[in-house]
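K.L.:
Below is a structure I'd like to ask you about.
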Amino acid sequence: MTDGPNNIDSKGIINQNVWDGFSKWFHCICVVTFDLELGQALENIYPRDVKLSKQDISNICYLAFPDSNSGCMGDTTFVIRLQSKSEKMLRSEHVTYNSKCPPLLKIDESYLWGYVYFRQVKDLTLPRGYFQKSIVMLSYFPFNNLFSKICSYIAPEYFEHGEETLEVACYNIALWSPPVAGVALSLPILGSVFQTFIPLSATGIGSINSTLALLGNESNESQKVIQVDDLNLFEILQPVLSHVHLLWELVITSEPIVVMASSPTVCSSMVLALTRLIAPLQYCGDYRPYFTIHDSEFKQYTSKVHGPPPVILGVTNPFFAKSFQHWPHTIRLNDETGETQKYKLKKTHQTKMIESNSGIYTSYKPFLQKDKNIIKKLKGGVKRPYEAQSIMLSKHLLELTQSFMFPLERYIASLLPLQKNISAFKAVPTPNPFNPDDFFATLDKTGPHLTLNKTGIKGDWIGLYRKFFRSPNFKTWFNARYTELSLKLQALHAEALSTVDITNWVRGRPEVEIVDMVMRLKSKICKCNCDVPVSDSVKQQLNQRMHDIATSLPEDLKNILQIS
């Protein structure tokens, strides 16, 4: 471990100016311990004055420890995601980051991610006979692989050397370059360097491997090449591989799912893997990789009045088998994994069976037939490395999702009015409305069956689309695409306005029309400087049109309109 830096004073307290750099990456680091009188309690937090609500602190403390029935001895790592009750304003560099990174890696200021390292060992000198403590690194970034690896590197150092380790780690983090998409990053901490790369939105998560290869040689003791987000889908989904197409349907339509396992490591990995099944489409329901009965939203999720919301929960407490009987889909995972453990589809929700027997409990009838060939190929590839199997599975799921979304992308593009109908002297047109029946009429010529004809995946595509249209996944996707269409129309209108012969147009026009044109130009210039995607030359031409119209106005009117 390195010596403490100059920015740590004699009392071990980091100077305030250091925390500004730290907060570009992390919200805080918490140390959670077990108190005989209080139970799980916050022992320490860095920075000391970080803003966390009482509810946030309570949720963090309960989520930092596995349930007592889990029996997790030694070191346990897992990921948590909690709804933040504290007010959060995105920093300017975070806004820029969000505009360039893939949807999967975007910051959602409503949620905090936690990377947990829990240690439980026997210690007869303590009243309970056990040492129990967790390090929780909280961040708004969903860098599940990178930050889990960093937490697993820092925590053992802390357990060996004490509080100064976290102070030095915080100072190291404060010196990191800000997180920027599309740039290779070197992140030194406690004598090691973590090298990583955040992909651009256009390149996507799948291109990370080739980019990381350019960062240097293989990882060694002091230099570690780590992907920001890396899930081995095959390894995690292997127990339920035969039902992966069913799970894909449940996830893409935002059905409520609860994952029951014996440890938070297993359930959190499965929950994260489920949300990745529909990539590159973003899963927009809520999801909690690890959830406890002490969570502030426990009552909401166990209510039988309104039914479960679109959420995927990972749990370990057997009590959930009883309290979640009304949930439509349950995945029960046992400790044993691998192909020797067969997980059957069960059309019942008997509590005793869920408590003890592994399997997928659901009465859901899939709209599509499964692709038996890919499942057979994956199950038969026992000699292939898990990484190769994972790539094969990810590729198949990617093709399935893209084949499902391509007809929608094609149809939504057709909602754009013809460019010849866009006039500089009329209001900006709006995209045509989305009509499900019109979309269904296009499926014969553009439907998923055309690109999936070699997979054997057939079924009721229209039924699946109808269910998808009611999900938050569709609503979020549609709102984003509709906004893109609207901005495209704004850009086309701005281009038309920028080429108008405004000098000739002004002649003989009533003053009220001229004033209206000035206000329209002002509004357009403002929008183009904010979010309308136009070139710099269009912006210059719009300013020139404003100058042209200003020269034709009397001085008193120019003063009123505040133009020169």
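So you can find residues: chains in the structure tokens are A, B, ... in the order shown, residues in each start at 1, and ligands are numbered from 1 in order.
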Could you name the residues that touch Lys527 in chain A at 9 Å or less, counting only C-alpha atoms, but leaving out those on the same chain fewer than 5 positions away, as a ChimeraX atom specification?
P.N.:
/A:490,522,532
K.L.:
Would you save the residues of that selection, restricted to N, CA and C atoms, as a CSV table (one decimal), in the first residue's frame?
P.N.:
```csv
chain,number,residue,atom,x,y,z
A,490,GLN,N,-37.4,19.5,-37.0
A,490,GLN,CA,-37.0,20.8,-36.6
A,490,GLN,C,-35.7,21.2,-37.4
A,522,LYS,N,-35.7,33.8,-33.9
A,522,LYS,CA,-35.1,33.8,-32.6
A,522,LYS,C,-35.2,32.4,-31.9
A,532,VAL,N,-31.3,20.9,-31.4
A,532,VAL,CA,-31.6,20.6,-32.8
A,532,VAL,C,-30.4,20.3,-33.6
```
K.L.:
Show which residues sit within 10 Å of range 148-165 of chain A, as a PyMOL selection string. Count only C-alpha atoms, and ignore same-chain residues fewer than 5 positions away.
P.N.:
chain A and resi 1-4+8+12-13+29+31+44+75-79+114-119+133-137+143+170-171+187+189-190+192+194+224+226-229
K.L.:
Quick one: residues within 10 Å of Val244 in chain A, only C-alpha atoms counted, chain neighbours fewer than 5 positions away excluded, as a list of chain:residue names?
P.N.:
A:Leu237, A:Gln238, A:Pro239, A:Glu249, A:Leu250, A:Leu274, A:Leu277, A:Lys370, A:Asp371, A:Ile375, A:Leu393, A:Leu397
K.L.:
Dump C-alpha atoms for the selected residues as a compact mmCIF listing (two decimals), in the first residue's frame?
P.N.:
```txt
# COMPACT_ATOMS: atom_id res chain seq x y z
CA LEU A 237 -28.05 -18.65 -17.71
CA GLN A 238 -26.81 -22.21 -18.09
CA PRO A 239 -29.27 -23.65 -15.51
CA GLU A 249 -40.39 -12.85 -23.99
CA LEU A 250 -40.98 -12.15 -20.29
CA LEU A 274 -32.07 -11.12 -17.52
CA LEU A 277 -31.38 -10.65 -22.78
CA LYS A 370 -38.05 -21.78 -29.18
CA ASP A 371 -35.01 -22.24 -31.41
CA ILE A 375 -30.00 -24.67 -27.47
CA LEU A 393 -25.66 -17.03 -27.01
CA LEU A 397 -30.27 -13.08 -28.60
```
K.L.:
Which one is closest to Gly456 in chain A: A:Leu368, A:Leu185, A:Leu175, A:Val95? Count only C-alpha atoms.
P.N.:
A:Leu368
K.L.:
Name all residues at most 8 Å from range 314-321 of chain A (count only C-alpha atoms; drop same-chain ones fewer than 3 positions away) and give them as a compact mmCIF listing (two decimals) with C-alpha atoms, in the first residue's frame.
P.N.:
```
# COMPACT_ATOMS: atom_id res chain seq x y z
CA PRO A 66 -26.60 -11.24 2.92
CA ASP A 67 -29.70 -12.53 4.71
CA ASN A 69 -30.21 -17.66 6.35
CA SER A 70 -27.73 -17.46 3.46
CA VAL A 258 -38.65 -12.74 -8.95
CA VAL A 259 -35.35 -14.65 -8.80
CA MET A 260 -34.90 -16.71 -5.63
CA ALA A 261 -31.43 -17.97 -4.71
CA SER A 262 -29.40 -18.86 -1.64
CA SER A 263 -26.89 -16.00 -1.99
CA PRO A 264 -26.97 -12.39 -3.25
CA CYS A 267 -29.48 -13.75 -7.59
CA SER A 268 -27.83 -10.41 -8.49
CA MET A 270 -29.15 -13.61 -12.73
CA VAL A 271 -31.15 -10.38 -12.49
CA ARG A 288 -33.16 -4.83 -8.11
CA PRO A 289 -30.31 -7.35 -8.28
CA TYR A 290 -30.66 -7.93 -4.53
CA PHE A 291 -33.76 -7.06 -2.52
CA THR A 292 -34.61 -7.61 1.16
CA ILE A 293 -37.74 -7.60 3.31
CA PHE A 324 -44.71 -13.35 -3.43
CA GLN A 325 -47.19 -16.14 -4.16
CA THR A 351 -45.38 -22.28 -1.94
CA ILE A 354 -40.95 -22.92 -4.60
CA GLU A 355 -39.24 -23.02 -1.23
```
K.L.:
Quick one: residues within 9 Å of His294 in chain A, only C-alpha atoms counted, chain neighbours fewer than 6 positions away excluded, as number ranges by chain?
P.N.:
A: 58-59, 62-63
K.L.:
So which residues touch range 464-473 of chain A within 8 Å, counting only C-alpha atoms, skipping near sequence neighbours fewer than 2 positions away, as a ChimeraX atom specification?
P.N.:
/A:252-254,281-285,310,367,460-462,475-477
K.L.:
Do you have the CA of Cys28 in chain A-CA of Ser139 in chain A distance handy?
P.N.:
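Separating CA of Cys28 in chain A from CA of Ser139 in chain A is a distance of 7.1 Å.
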